[in-house]
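What follows is one structure encoded as structure tokens, with my remarks underneath.
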Amino acid sequence: MTLNWVNKESQKLKDESRWRQVRQIPKRDVLNFSSNNYLGLARHPRVIAAAQQALQEWGTGATASRLISGTIPIHPQLETALAQYAEYEAALVFPSGYMTNLGVITALVGAGDAVVMDRLCHASLIDAVKLSGARLFVYAHKDLNEAERALQRTVSYRRRLLITDSLFSMDGDFAPLKELLVLCRQYGVMSLADDAHAFGIWNTTEISEFGIRNLDLMKPIEKVQDDSKAISKQSSTNRQSAIGNPQLMPDLLVGTLSKTLGSQGGFVCASQSIIDWIINKARSFIYTTGLAPTSAAAALAALRLLQTDHLPREKLKKNASLLREGLAEKGFDILKSSSQIVPILLGDIEFTLALSKTLETKGIYAPAIRPPTVPKNGCRLRFSVTAEHSESDIERLLGALNE
Ligand SMILES: *Cc1c(COP(=O)(O)O)cnc(C)c1O
């Protein structure tokens with residue numbers, strides 16, 4: 001039979017404990033530590049009301065691609081609001097964050113170009129680079145020396161693009177954003193940061209600060225500063241001043257409407273000319289139906305809420321430090337997490353699955369993260385904290401792990 005291989009290969013995954021199944025969200029009384037609804041906006045009454053109003057006014061779908069007749073007034077409103085919030089000239093929304101990355105990256109680079117990327121970048125970024133046909137140069141996680149060597153090795157390529165997550169989705173640590181952007185400027189390379197988990201919670205200044213603090217090698221930073229003296233003679237953009245410049249931003253910022261904003265969809269922020277180019281070149285924008293009216297309206301309402309109400313963000317950050325400190329105190333390896341994403345590294349796949357199951361019997365939901373999402377010995381439980389957790393929820397998790 002031509003399809004026999006499916007059962008055989010599936011069985012192999014099952015034997016290795018790597019088989020995945022879609023699951024329904026656990027019962028309501030389960031304490032959920034796996035949600036990306038960081039500020040609780042997905043169920044906020046004002047967000048729901050905005051979606052309902054859009055539903056009444058525009059119906060259930062955009063009914064055509066954006067370039068045909070699928071652009072409704074909420075789309076440009078949302079795009080303007082996103083651009084303003086992120087302090088870019090323009091923005092463009094896509095039906096998902098995954099599609100944003102596919103479309104944006106293939107619009108920027110192709111065969112004959114080079115992409116330099118952190119090893120722990122999100123799968124959608126890796127897929128996008130593969131689809132683009134550009135040559136991929138990967139550097140060790142947050143290693144500025146390796147990143148710089150990769151930039152040197154790519155000088156002969158036509159166009160060059162450096163890609164990083166701003167907040168890494170499986171380790172919960174921040175990229176050394178400022179240093180990477182200084183390198184990009186020095187080597188004349190385009191920069192793109194995937195802000196999916198940080199958007200609405202951590203701004204680029206905080207990310208840069210955390211990035212530096214998290215970086216145990218201070219060497220690369222000194223090196224960057226030393227070299228700047230040498231190049232400042234020829235170059236008007238001296239790296240030292242660039243490091244002190246809070247305005248240093250990635251050329252492109254991509255993100256999702258589906259995490260903190262609690263909706264569905266993705267977006268890219270950049271200069272107007274880059275956005276216009278993406279509109280013309282991104283196939284996952286051109287050949288797909290526009291973002292649903294309800295999704296766009298919900299995201300816009302959520303964005304406005306998070307700009308006016310800062311309490312949930314403060315609560316989230318407080319909850320996150322409580323959990324990080326509690327876990328570290330108990331001797332768990334939380335890697336370099338300094339955010340609301342807090343992993344505990346366990347290594348072994350069977351042990352990780354067993355611990356996840358045990359927690360579930362205690363009413364706590366935190367799925368095991370295993371290959372191919374993480375490397376073979378990188379199995380972990382990954383807790384994501386939200387503003388909706390209470391202090392006693394965090395204590396309950398810590399208590400359950402104690403046993
Ligand atoms: C979730 C995520 C995406 C994909 O976003 P969707 O809107 O869920 O498709 C892209 N990049 C990163 C880093 C993510 O965490």
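Please note that chains go A, B, ... in the order of the structure tokens, that every chain numbers its residues from 1, and that ligands are numbered from 1 in the order shown.
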What's the 7 Å shell around range 346-353 of chain A, counting only C-alpha atoms, without same-chain residues fewer than 4 positions away, as a ChimeraX atom specification?
/A:357,368,370,377-381
If you run DSSP on the backbone, which residues of range 74-131 of chain A are strand (DSSP E), as a list in words?
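Strand (DSSP E) assignments inside range 74-131 of chain A correspond to Ala90, Ala91, Leu92, Val93, Phe94, Ala114, Val115, Val116, Met117 and Asp118 of chain A.
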Would you return as a PyMOL selection string the members of range 293-334 of chain A that DSSP assigns to helix (DSSP H, G or I) on this structure's backbone?
chain A and resi 293-308+311-329
Written selection (C-alpha atoms) as a PDB file, in the first residue's frame:
```
ATOM      1  CA  PRO A 293     -13.567  42.051  10.918  1.00  0.00           C
ATOM      2  CA  THR A 294     -14.098  40.620  14.419  1.00  0.00           C
ATOM      3  CA  SER A 295     -10.394  39.777  14.781  1.00  0.00           C
ATOM      4  CA  ALA A 296      -9.306  43.237  13.635  1.00  0.00           C
ATOM      5  CA  ALA A 297     -11.802  45.036  15.883  1.00  0.00           C
ATOM      6  CA  ALA A 298     -10.918  42.896  18.910  1.00  0.00           C
ATOM      7  CA  ALA A 299      -7.191  43.522  18.410  1.00  0.00           C
ATOM      8  CA  LEU A 300      -7.750  47.270  18.076  1.00  0.00           C
ATOM      9  CA  ALA A 301      -9.851  47.404  21.250  1.00  0.00           C
ATOM     10  CA  ALA A 302      -7.253  45.340  23.119  1.00  0.00           C
ATOM     11  CA  LEU A 303      -4.442  47.597  21.936  1.00  0.00           C
ATOM     12  CA  ARG A 304      -6.291  50.670  23.189  1.00  0.00           C
ATOM     13  CA  LEU A 305      -6.946  49.022  26.543  1.00  0.00           C
ATOM     14  CA  LEU A 306      -3.349  48.061  27.151  1.00  0.00           C
ATOM     15  CA  GLN A 307      -2.277  51.619  26.368  1.00  0.00           C
ATOM     16  CA  THR A 308      -4.584  53.109  28.984  1.00  0.00           C
ATOM     17  CA  LEU A 311      -2.277  47.653  36.092  1.00  0.00           C
ATOM     18  CA  PRO A 312      -2.583  44.241  34.385  1.00  0.00           C
ATOM     19  CA  ARG A 313       0.938  44.601  32.976  1.00  0.00           C
ATOM     20  CA  GLU A 314       2.329  45.425  36.406  1.00  0.00           C
ATOM     21  CA  LYS A 315       0.478  42.496  37.937  1.00  0.00           C
ATOM     22  CA  LEU A 316       1.820  40.192  35.224  1.00  0.00           C
ATOM     23  CA  LYS A 317       5.393  41.270  35.864  1.00  0.00           C
ATOM     24  CA  LYS A 318       4.936  40.837  39.607  1.00  0.00           C
ATOM     25  CA  ASN A 319       3.438  37.349  39.126  1.00  0.00           C
ATOM     26  CA  ALA A 320       6.291  36.429  36.803  1.00  0.00           C
ATOM     27  CA  SER A 321       9.008  37.424  39.281  1.00  0.00           C
ATOM     28  CA  LEU A 322       7.176  35.570  42.053  1.00  0.00           C
ATOM     29  CA  LEU A 323       7.220  32.381  40.007  1.00  0.00           C
ATOM     30  CA  ARG A 324      10.804  32.793  38.810  1.00  0.00           C
ATOM     31  CA  GLU A 325      12.093  33.444  42.312  1.00  0.00           C
ATOM     32  CA  GLY A 326      10.043  30.612  43.797  1.00  0.00           C
ATOM     33  CA  LEU A 327      11.265  28.090  41.242  1.00  0.00           C
ATOM     34  CA  ALA A 328      14.884  29.162  41.500  1.00  0.00           C
ATOM     35  CA  GLU A 329      14.654  28.914  45.299  1.00  0.00           C
TER      36      GLU A 329
END
```
Could you build a table of the residues in chain A lying no more than 6 Å from ligand 1, giving for each the nearest pair of atoms and their separation in Å rounded to one decimal place, using only C-alpha atoms and all ligand atoms, ordered by chain and ascending residue number, as a Markdown table?
```
| residue | atom | partner | partner_atom_place_in_ligand_line | distance |
| --- | --- | --- | --- | --- |
| A:Ser96 | CA | ligand 1 | 7 (O) | 4.1 |
| A:Gly97 | CA | ligand 1 | 7 (O) | 3.4 |
| A:Tyr98 | CA | ligand 1 | 9 (O) | 3.8 |
| A:His122 | CA | ligand 1 | 13 (C) | 4.8 |
| A:Ser124 | CA | ligand 1 | 10 (C) | 5.8 |
| A:Asp165 | CA | ligand 1 | 13 (C) | 5.8 |
| A:Ser169 | CA | ligand 1 | 15 (O) | 5.4 |
| A:Asp194 | CA | ligand 1 | 13 (C) | 5.5 |
| A:Ala196 | CA | ligand 1 | 12 (C) | 4.8 |
| A:His197 | CA | ligand 1 | 15 (O) | 5.7 |
| A:Thr256 | CA | ligand 1 | 7 (O) | 4.5 |
| A:Ser258 | CA | ligand 1 | 7 (O) | 5.0 |
| A:Gly265 | CA | ligand 1 | 7 (O) | 5.1 |
| A:Gly266 | CA | ligand 1 | 7 (O) | 5.1 |
```
Using only N, CA, C and O atoms, please write the residues we just selected to a file, as a PDB file, in the first residue's frame.
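The result, stored in result04.pdb:
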```
ATOM      1  N   SER A  96      -2.307  35.755  10.200  1.00  0.00           N
ATOM      2  CA  SER A  96      -1.685  35.142  11.379  1.00  0.00           C
ATOM      3  C   SER A  96      -0.238  35.610  11.465  1.00  0.00           C
ATOM      4  O   SER A  96       0.330  36.128  10.492  1.00  0.00           O
ATOM      5  N   GLY A  97       0.356  35.404  12.633  1.00  0.00           N
ATOM      6  CA  GLY A  97       1.764  35.747  12.812  1.00  0.00           C
ATOM      7  C   GLY A  97       2.648  34.876  11.941  1.00  0.00           C
ATOM      8  O   GLY A  97       3.651  35.340  11.379  1.00  0.00           O
ATOM      9  N   TYR A  98       2.282  33.613  11.829  1.00  0.00           N
ATOM     10  CA  TYR A  98       3.040  32.680  10.999  1.00  0.00           C
ATOM     11  C   TYR A  98       3.069  33.178   9.548  1.00  0.00           C
ATOM     12  O   TYR A  98       4.125  33.242   8.908  1.00  0.00           O
ATOM     13  N   HIS A 122      11.969  31.345  16.427  1.00  0.00           N
ATOM     14  CA  HIS A 122      10.706  30.630  16.262  1.00  0.00           C
ATOM     15  C   HIS A 122      10.641  29.873  14.932  1.00  0.00           C
ATOM     16  O   HIS A 122      11.189  30.330  13.921  1.00  0.00           O
ATOM     17  N   SER A 124       8.432  29.580  12.719  1.00  0.00           N
ATOM     18  CA  SER A 124       7.877  30.304  11.568  1.00  0.00           C
ATOM     19  C   SER A 124       8.966  31.118  10.863  1.00  0.00           C
ATOM     20  O   SER A 124       8.916  31.309   9.640  1.00  0.00           O
ATOM     21  N   ASP A 165      14.280  36.716  17.665  1.00  0.00           N
ATOM     22  CA  ASP A 165      13.111  36.929  18.515  1.00  0.00           C
ATOM     23  C   ASP A 165      13.511  38.021  19.494  1.00  0.00           C
ATOM     24  O   ASP A 165      14.680  38.102  19.866  1.00  0.00           O
ATOM     25  N   SER A 169      10.628  32.314  22.866  1.00  0.00           N
ATOM     26  CA  SER A 169       9.364  31.726  23.283  1.00  0.00           C
ATOM     27  C   SER A 169       9.517  30.475  24.145  1.00  0.00           C
ATOM     28  O   SER A 169       8.594  30.131  24.866  1.00  0.00           O
ATOM     29  N   ASP A 194      11.230  39.558  15.927  1.00  0.00           N
ATOM     30  CA  ASP A 194       9.913  38.970  16.135  1.00  0.00           C
ATOM     31  C   ASP A 194       9.521  39.229  17.589  1.00  0.00           C
ATOM     32  O   ASP A 194      10.116  38.691  18.516  1.00  0.00           O
ATOM     33  N   ALA A 196       6.610  38.682  19.097  1.00  0.00           N
ATOM     34  CA  ALA A 196       5.335  38.016  19.404  1.00  0.00           C
ATOM     35  C   ALA A 196       5.017  37.958  20.900  1.00  0.00           C
ATOM     36  O   ALA A 196       3.896  38.244  21.310  1.00  0.00           O
ATOM     37  N   HIS A 197       6.000  37.571  21.721  1.00  0.00           N
ATOM     38  CA  HIS A 197       5.714  37.382  23.152  1.00  0.00           C
ATOM     39  C   HIS A 197       5.944  38.643  23.975  1.00  0.00           C
ATOM     40  O   HIS A 197       5.535  38.711  25.123  1.00  0.00           O
ATOM     41  N   THR A 256       2.294  39.326  16.651  1.00  0.00           N
ATOM     42  CA  THR A 256       1.040  38.613  16.470  1.00  0.00           C
ATOM     43  C   THR A 256      -0.083  39.348  17.190  1.00  0.00           C
ATOM     44  O   THR A 256       0.150  40.030  18.185  1.00  0.00           O
ATOM     45  N   SER A 258      -2.436  37.507  18.290  1.00  0.00           N
ATOM     46  CA  SER A 258      -3.054  36.351  18.958  1.00  0.00           C
ATOM     47  C   SER A 258      -2.502  36.043  20.339  1.00  0.00           C
ATOM     48  O   SER A 258      -2.922  35.064  20.948  1.00  0.00           O
ATOM     49  N   GLY A 265      -4.335  36.830  14.212  1.00  0.00           N
ATOM     50  CA  GLY A 265      -3.726  37.595  13.135  1.00  0.00           C
ATOM     51  C   GLY A 265      -2.301  37.976  13.477  1.00  0.00           C
ATOM     52  O   GLY A 265      -1.817  37.687  14.576  1.00  0.00           O
ATOM     53  N   GLY A 266      -1.613  38.598  12.512  1.00  0.00           N
ATOM     54  CA  GLY A 266      -0.232  39.025  12.738  1.00  0.00           C
ATOM     55  C   GLY A 266      -0.032  40.403  12.131  1.00  0.00           C
ATOM     56  O   GLY A 266      -0.913  40.932  11.447  1.00  0.00           O
TER      57      GLY A 266
END
```
Pairwise distance for CA of Leu177 in chain A and CA of Ile207 in chain A, rounded to one decimal in Å:
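Atom-to-atom, CA of Leu177 in chain A and CA of Ile207 in chain A are spaced 6.8 Å apart.
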Separating CA of Ala91 in chain A from CA of Gly255 in chain A, to the nearest tenth of an Å, is a gap of 10.6 Å
When you look at range 12-21 of chain A with a cut-off of 10 Å (counting only C-alpha atoms), what residues show up, excluding the ones that are within fewer than 2 positions of it in the same chain? I need them as a tab-separated table (two decimals) with N, CA, C and O atoms, in the first residue's frame.
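Output (part.tsv):
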```tsv
chain	number	residue	atom	x	y	z
A	6	VAL	N	2.63	5.85	6.62
A	6	VAL	CA	2.06	6.76	7.62
A	6	VAL	C	1.97	6.07	8.98
A	6	VAL	O	2.43	6.59	10.00
A	7	ASN	N	1.38	4.85	8.98
A	7	ASN	CA	1.24	4.14	10.25
A	7	ASN	C	2.59	3.79	10.85
A	7	ASN	O	2.80	3.88	12.05
A	8	LYS	N	3.50	3.41	9.96
A	8	LYS	CA	4.83	3.00	10.44
A	8	LYS	C	5.55	4.18	11.10
A	8	LYS	O	6.07	4.10	12.21
A	9	GLU	N	5.55	5.30	10.39
A	9	GLU	CA	6.25	6.49	10.91
A	9	GLU	C	5.54	7.03	12.15
A	9	GLU	O	6.17	7.52	13.08
A	10	SER	N	4.21	6.94	12.17
A	10	SER	CA	3.46	7.41	13.34
A	10	SER	C	3.82	6.57	14.56
A	10	SER	O	4.02	7.09	15.65
A	23	ARG	N	-5.67	18.75	21.94
A	23	ARG	CA	-6.43	18.53	23.16
A	23	ARG	C	-7.37	19.70	23.36
A	23	ARG	O	-7.07	20.82	23.00
A	24	GLN	N	-8.49	19.40	23.97
A	24	GLN	CA	-9.40	20.49	24.33
A	24	GLN	C	-8.84	21.20	25.55
A	24	GLN	O	-8.14	20.59	26.34
A	349	ILE	N	12.64	13.06	28.47
A	349	ILE	CA	11.30	13.20	27.91
A	349	ILE	C	10.25	12.50	28.77
A	349	ILE	O	9.18	13.05	29.04
A	350	GLU	N	10.57	11.28	29.25
A	350	GLU	CA	9.59	10.53	30.05
A	350	GLU	C	9.31	11.23	31.36
A	350	GLU	O	8.16	11.36	31.79
A	353	LEU	N	7.13	14.31	30.77
A	353	LEU	CA	5.72	13.95	30.54
A	353	LEU	C	5.05	13.52	31.84
A	353	LEU	O	3.91	13.88	32.11
A	369	ILE	N	7.07	20.32	27.03
A	369	ILE	CA	7.63	20.79	25.76
A	369	ILE	C	8.76	19.84	25.38
A	369	ILE	O	9.71	19.65	26.14
A	370	ARG	N	8.63	19.24	24.21
A	370	ARG	CA	9.60	18.22	23.80
A	370	ARG	C	9.99	18.41	22.35
A	370	ARG	O	9.42	19.27	21.67
A	371	PRO	N	10.95	17.63	21.86
A	371	PRO	CA	11.36	17.78	20.45
A	371	PRO	C	10.17	17.57	19.52
A	371	PRO	O	9.28	16.80	19.88
A	372	PRO	N	10.10	18.21	18.36
A	372	PRO	CA	11.16	19.05	17.80
A	372	PRO	C	11.10	20.52	18.23
A	372	PRO	O	11.88	21.32	17.74
```
Close residues, Ala292 in chain A itself excluded, 7 Å, only C-alpha atoms, min 6 positions apart in chain, as a list in words:
Thr60, Gly61 and Ala62 of chain A
Write the selection just made, keeping C-alpha atoms, as a tab-separated table (two decimals), in the first residue's frame?
```tsv
chain	number	residue	atom	x	y	z
A	60	THR	CA	-18.37	37.29	9.61
A	61	GLY	CA	-15.59	37.59	7.05
A	62	ALA	CA	-13.58	40.09	4.99
```
Write out as a ChimeraX atom specification the residues lying within 9 Å of range 79-86 of chain A, counting only C-alpha atoms and excluding same-chain residues fewer than 4 positions away.
/A:74-75,90-93,199-200,203,253,267-270,300,303-304,307
Point out the residue among A:Tyr187, A:Phe174, A:Trp58, A:Phe383 with the least atom-to-atom distance to Thr204 in chain A, counting only C-alpha atoms.
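Residue with the minimum atom-to-atom distance to Thr204 in chain A: A:Phe174.
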List the neighbours of range 276-284 of chain A out to 12 Å using only C-alpha atoms; skip same-chain residues closer than 3 positions along the sequence, and give me the result as a PDB file with N, CA and C atoms, in the first residue's frame.
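That gives us out.pdb:
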```pdb
ATOM      1  N   SER A  65      -9.536  39.145  -0.723  1.00  0.00           N
ATOM      2  CA  SER A  65      -8.185  39.513  -0.295  1.00  0.00           C
ATOM      3  C   SER A  65      -8.112  41.032  -0.164  1.00  0.00           C
ATOM      4  N   ARG A  66      -7.164  41.481   0.619  1.00  0.00           N
ATOM      5  CA  ARG A  66      -7.061  42.905   0.942  1.00  0.00           C
ATOM      6  C   ARG A  66      -6.917  43.771  -0.306  1.00  0.00           C
ATOM      7  N   LEU A  67      -6.206  43.259  -1.341  1.00  0.00           N
ATOM      8  CA  LEU A  67      -5.953  44.074  -2.529  1.00  0.00           C
ATOM      9  C   LEU A  67      -7.132  44.058  -3.508  1.00  0.00           C
ATOM     10  N   GLU A  89       6.625  54.057  11.201  1.00  0.00           N
ATOM     11  CA  GLU A  89       5.878  54.877  10.266  1.00  0.00           C
ATOM     12  C   GLU A  89       4.582  54.188   9.822  1.00  0.00           C
ATOM     13  N   ALA A  90       4.646  52.880   9.621  1.00  0.00           N
ATOM     14  CA  ALA A  90       3.493  52.174   9.057  1.00  0.00           C
ATOM     15  C   ALA A  90       3.457  50.728   9.545  1.00  0.00           C
ATOM     16  N   ALA A  91       2.313  50.097   9.333  1.00  0.00           N
ATOM     17  CA  ALA A  91       2.151  48.684   9.715  1.00  0.00           C
ATOM     18  C   ALA A  91       1.225  48.001   8.724  1.00  0.00           C
ATOM     19  N   LEU A  92       1.264  46.676   8.716  1.00  0.00           N
ATOM     20  CA  LEU A  92       0.390  45.889   7.846  1.00  0.00           C
ATOM     21  C   LEU A  92      -0.035  44.640   8.613  1.00  0.00           C
ATOM     22  N   VAL A  93      -1.348  44.330   8.563  1.00  0.00           N
ATOM     23  CA  VAL A  93      -1.789  43.131   9.277  1.00  0.00           C
ATOM     24  C   VAL A  93      -1.993  41.962   8.319  1.00  0.00           C
ATOM     25  N   PHE A  94      -1.780  40.768   8.822  1.00  0.00           N
ATOM     26  CA  PHE A  94      -1.899  39.500   8.109  1.00  0.00           C
ATOM     27  C   PHE A  94      -2.875  38.604   8.886  1.00  0.00           C
ATOM     28  N   PRO A  95      -3.339  37.510   8.248  1.00  0.00           N
ATOM     29  CA  PRO A  95      -4.263  36.625   8.966  1.00  0.00           C
ATOM     30  C   PRO A  95      -3.633  35.839  10.121  1.00  0.00           C
ATOM     31  N   SER A  96      -2.307  35.755  10.200  1.00  0.00           N
ATOM     32  CA  SER A  96      -1.685  35.142  11.379  1.00  0.00           C
ATOM     33  C   SER A  96      -0.238  35.610  11.465  1.00  0.00           C
ATOM     34  N   GLY A  97       0.356  35.404  12.633  1.00  0.00           N
ATOM     35  CA  GLY A  97       1.764  35.747  12.812  1.00  0.00           C
ATOM     36  C   GLY A  97       2.648  34.876  11.941  1.00  0.00           C
ATOM     37  N   TYR A  98       2.282  33.613  11.829  1.00  0.00           N
ATOM     38  CA  TYR A  98       3.040  32.680  10.999  1.00  0.00           C
ATOM     39  C   TYR A  98       3.069  33.178   9.548  1.00  0.00           C
ATOM     40  N   MET A  99       1.913  33.576   9.050  1.00  0.00           N
ATOM     41  CA  MET A  99       1.848  34.063   7.667  1.00  0.00           C
ATOM     42  C   MET A  99       2.585  35.392   7.509  1.00  0.00           C
ATOM     43  N   THR A 100       2.585  36.191   8.567  1.00  0.00           N
ATOM     44  CA  THR A 100       3.333  37.449   8.520  1.00  0.00           C
ATOM     45  C   THR A 100       4.809  37.148   8.251  1.00  0.00           C
ATOM     46  N   ASN A 101       5.360  36.228   9.033  1.00  0.00           N
ATOM     47  CA  ASN A 101       6.782  35.919   8.870  1.00  0.00           C
ATOM     48  C   ASN A 101       7.071  35.343   7.485  1.00  0.00           C
ATOM     49  N   LEU A 102       6.224  34.433   7.014  1.00  0.00           N
ATOM     50  CA  LEU A 102       6.436  33.860   5.678  1.00  0.00           C
ATOM     51  C   LEU A 102       6.429  34.968   4.627  1.00  0.00           C
ATOM     52  N   GLY A 103       5.456  35.849   4.693  1.00  0.00           N
ATOM     53  CA  GLY A 103       5.302  36.876   3.666  1.00  0.00           C
ATOM     54  C   GLY A 103       6.386  37.936   3.722  1.00  0.00           C
ATOM     55  N   VAL A 104       6.670  38.410   4.928  1.00  0.00           N
ATOM     56  CA  VAL A 104       7.616  39.511   5.090  1.00  0.00           C
ATOM     57  C   VAL A 104       9.028  39.065   4.683  1.00  0.00           C
ATOM     58  N   ILE A 105       9.444  37.914   5.168  1.00  0.00           N
ATOM     59  CA  ILE A 105      10.826  37.493   4.923  1.00  0.00           C
ATOM     60  C   ILE A 105      11.043  37.134   3.458  1.00  0.00           C
ATOM     61  N   THR A 106      10.051  36.493   2.834  1.00  0.00           N
ATOM     62  CA  THR A 106      10.221  36.186   1.411  1.00  0.00           C
ATOM     63  C   THR A 106      10.152  37.449   0.549  1.00  0.00           C
ATOM     64  N   ALA A 107       9.564  38.513   1.084  1.00  0.00           N
ATOM     65  CA  ALA A 107       9.550  39.785   0.340  1.00  0.00           C
ATOM     66  C   ALA A 107      10.902  40.490   0.454  1.00  0.00           C
ATOM     67  N   LEU A 108      11.645  40.184   1.505  1.00  0.00           N
ATOM     68  CA  LEU A 108      12.902  40.894   1.752  1.00  0.00           C
ATOM     69  C   LEU A 108      14.111  40.203   1.147  1.00  0.00           C
ATOM     70  N   VAL A 109      14.133  38.869   1.210  1.00  0.00           N
ATOM     71  CA  VAL A 109      15.306  38.128   0.730  1.00  0.00           C
ATOM     72  C   VAL A 109      14.898  36.955  -0.146  1.00  0.00           C
ATOM     73  N   GLY A 110      15.842  36.540  -0.991  1.00  0.00           N
ATOM     74  CA  GLY A 110      15.619  35.402  -1.877  1.00  0.00           C
ATOM     75  C   GLY A 110      16.952  34.741  -2.195  1.00  0.00           C
ATOM     76  N   ALA A 128      10.219  30.477   7.049  1.00  0.00           N
ATOM     77  CA  ALA A 128      10.200  31.605   6.118  1.00  0.00           C
ATOM     78  C   ALA A 128      11.526  31.707   5.363  1.00  0.00           C
ATOM     79  N   LEU A 131      11.756  28.965   2.806  1.00  0.00           N
ATOM     80  CA  LEU A 131      10.885  29.264   1.664  1.00  0.00           C
ATOM     81  C   LEU A 131      11.498  30.349   0.774  1.00  0.00           C
ATOM     82  N   SER A 132      12.210  31.274   1.388  1.00  0.00           N
ATOM     83  CA  SER A 132      12.760  32.400   0.622  1.00  0.00           C
ATOM     84  C   SER A 132      13.877  31.963  -0.328  1.00  0.00           C
ATOM     85  N   LEU A 252      12.466  46.196  10.861  1.00  0.00           N
ATOM     86  CA  LEU A 252      11.119  45.627  10.832  1.00  0.00           C
ATOM     87  C   LEU A 252      10.820  44.965  12.167  1.00  0.00           C
ATOM     88  N   GLY A 266      -1.613  38.598  12.512  1.00  0.00           N
ATOM     89  CA  GLY A 266      -0.232  39.025  12.738  1.00  0.00           C
ATOM     90  C   GLY A 266      -0.032  40.403  12.131  1.00  0.00           C
ATOM     91  N   PHE A 267       1.138  40.998  12.387  1.00  0.00           N
ATOM     92  CA  PHE A 267       1.403  42.322  11.817  1.00  0.00           C
ATOM     93  C   PHE A 267       2.891  42.540  11.650  1.00  0.00           C
ATOM     94  N   VAL A 268       3.209  43.505  10.787  1.00  0.00           N
ATOM     95  CA  VAL A 268       4.595  43.944  10.648  1.00  0.00           C
ATOM     96  C   VAL A 268       4.598  45.467  10.708  1.00  0.00           C
ATOM     97  N   CYS A 269       5.590  46.026  11.404  1.00  0.00           N
ATOM     98  CA  CYS A 269       5.782  47.474  11.463  1.00  0.00           C
ATOM     99  C   CYS A 269       7.106  47.798  10.781  1.00  0.00           C
ATOM    100  N   ALA A 270       7.121  48.892  10.010  1.00  0.00           N
ATOM    101  CA  ALA A 270       8.353  49.296   9.317  1.00  0.00           C
ATOM    102  C   ALA A 270       8.137  50.687   8.739  1.00  0.00           C
ATOM    103  N   SER A 271       9.087  51.140   7.915  1.00  0.00           N
ATOM    104  CA  SER A 271       8.895  52.409   7.225  1.00  0.00           C
ATOM    105  C   SER A 271       7.800  52.231   6.168  1.00  0.00           C
ATOM    106  N   GLN A 272       7.218  53.352   5.743  1.00  0.00           N
ATOM    107  CA  GLN A 272       6.145  53.282   4.746  1.00  0.00           C
ATOM    108  C   GLN A 272       6.620  52.595   3.463  1.00  0.00           C
ATOM    109  N   SER A 273       7.850  52.891   3.045  1.00  0.00           N
ATOM    110  CA  SER A 273       8.306  52.310   1.777  1.00  0.00           C
ATOM    111  C   SER A 273       8.473  50.796   1.889  1.00  0.00           C
ATOM    112  N   TYR A 287      -2.342  36.669  -1.555  1.00  0.00           N
ATOM    113  CA  TYR A 287      -3.187  35.556  -1.993  1.00  0.00           C
ATOM    114  C   TYR A 287      -3.965  34.933  -0.844  1.00  0.00           C
ATOM    115  N   THR A 288      -4.461  35.758   0.041  1.00  0.00           N
ATOM    116  CA  THR A 288      -5.283  35.224   1.127  1.00  0.00           C
ATOM    117  C   THR A 288      -6.329  36.267   1.517  1.00  0.00           C
ATOM    118  N   THR A 289      -7.409  35.765   2.104  1.00  0.00           N
ATOM    119  CA  THR A 289      -8.495  36.672   2.486  1.00  0.00           C
ATOM    120  C   THR A 289      -8.072  37.592   3.628  1.00  0.00           C
ATOM    121  N   GLY A 290      -8.548  38.811   3.608  1.00  0.00           N
ATOM    122  CA  GLY A 290      -8.203  39.781   4.655  1.00  0.00           C
ATOM    123  C   GLY A 290      -8.605  39.298   6.039  1.00  0.00           C
ATOM    124  N   LEU A 291      -7.936  39.878   7.016  1.00  0.00           N
ATOM    125  CA  LEU A 291      -8.210  39.552   8.414  1.00  0.00           C
ATOM    126  C   LEU A 291      -9.701  39.753   8.707  1.00  0.00           C
TER     127      LEU A 291
END
```
Selection: 12 Å around Glu146 in chain A, only C-alpha atoms, excl. self and same-chain fewer than 6 positions, as a PyMOL selection string
chain A and resi 116-119+137-140+152-153+180+183+220
Go ahead and save the picked residues with C-alpha atoms, as a PDB file, in the first residue's frame.
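Result file is part-v7.pdb:
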```pdb
ATOM      1  CA  VAL A 116      21.809  35.582   9.974  1.00  0.00           C
ATOM      2  CA  MET A 117      19.661  34.181  12.765  1.00  0.00           C
ATOM      3  CA  ASP A 118      19.715  33.131  16.434  1.00  0.00           C
ATOM      4  CA  ARG A 119      19.558  29.352  16.875  1.00  0.00           C
ATOM      5  CA  PHE A 137      23.633  31.393   8.870  1.00  0.00           C
ATOM      6  CA  VAL A 138      22.727  30.401  12.421  1.00  0.00           C
ATOM      7  CA  TYR A 139      24.577  31.676  15.492  1.00  0.00           C
ATOM      8  CA  ALA A 140      24.536  30.182  18.993  1.00  0.00           C
ATOM      9  CA  GLN A 152      31.463  38.989   8.289  1.00  0.00           C
ATOM     10  CA  ARG A 153      31.006  35.735   6.373  1.00  0.00           C
ATOM     11  CA  LEU A 180      22.619  43.204  17.574  1.00  0.00           C
ATOM     12  CA  LEU A 183      26.208  45.221  14.610  1.00  0.00           C
ATOM     13  CA  PRO A 220      31.346  41.170  23.139  1.00  0.00           C
TER      14      PRO A 220
END
```
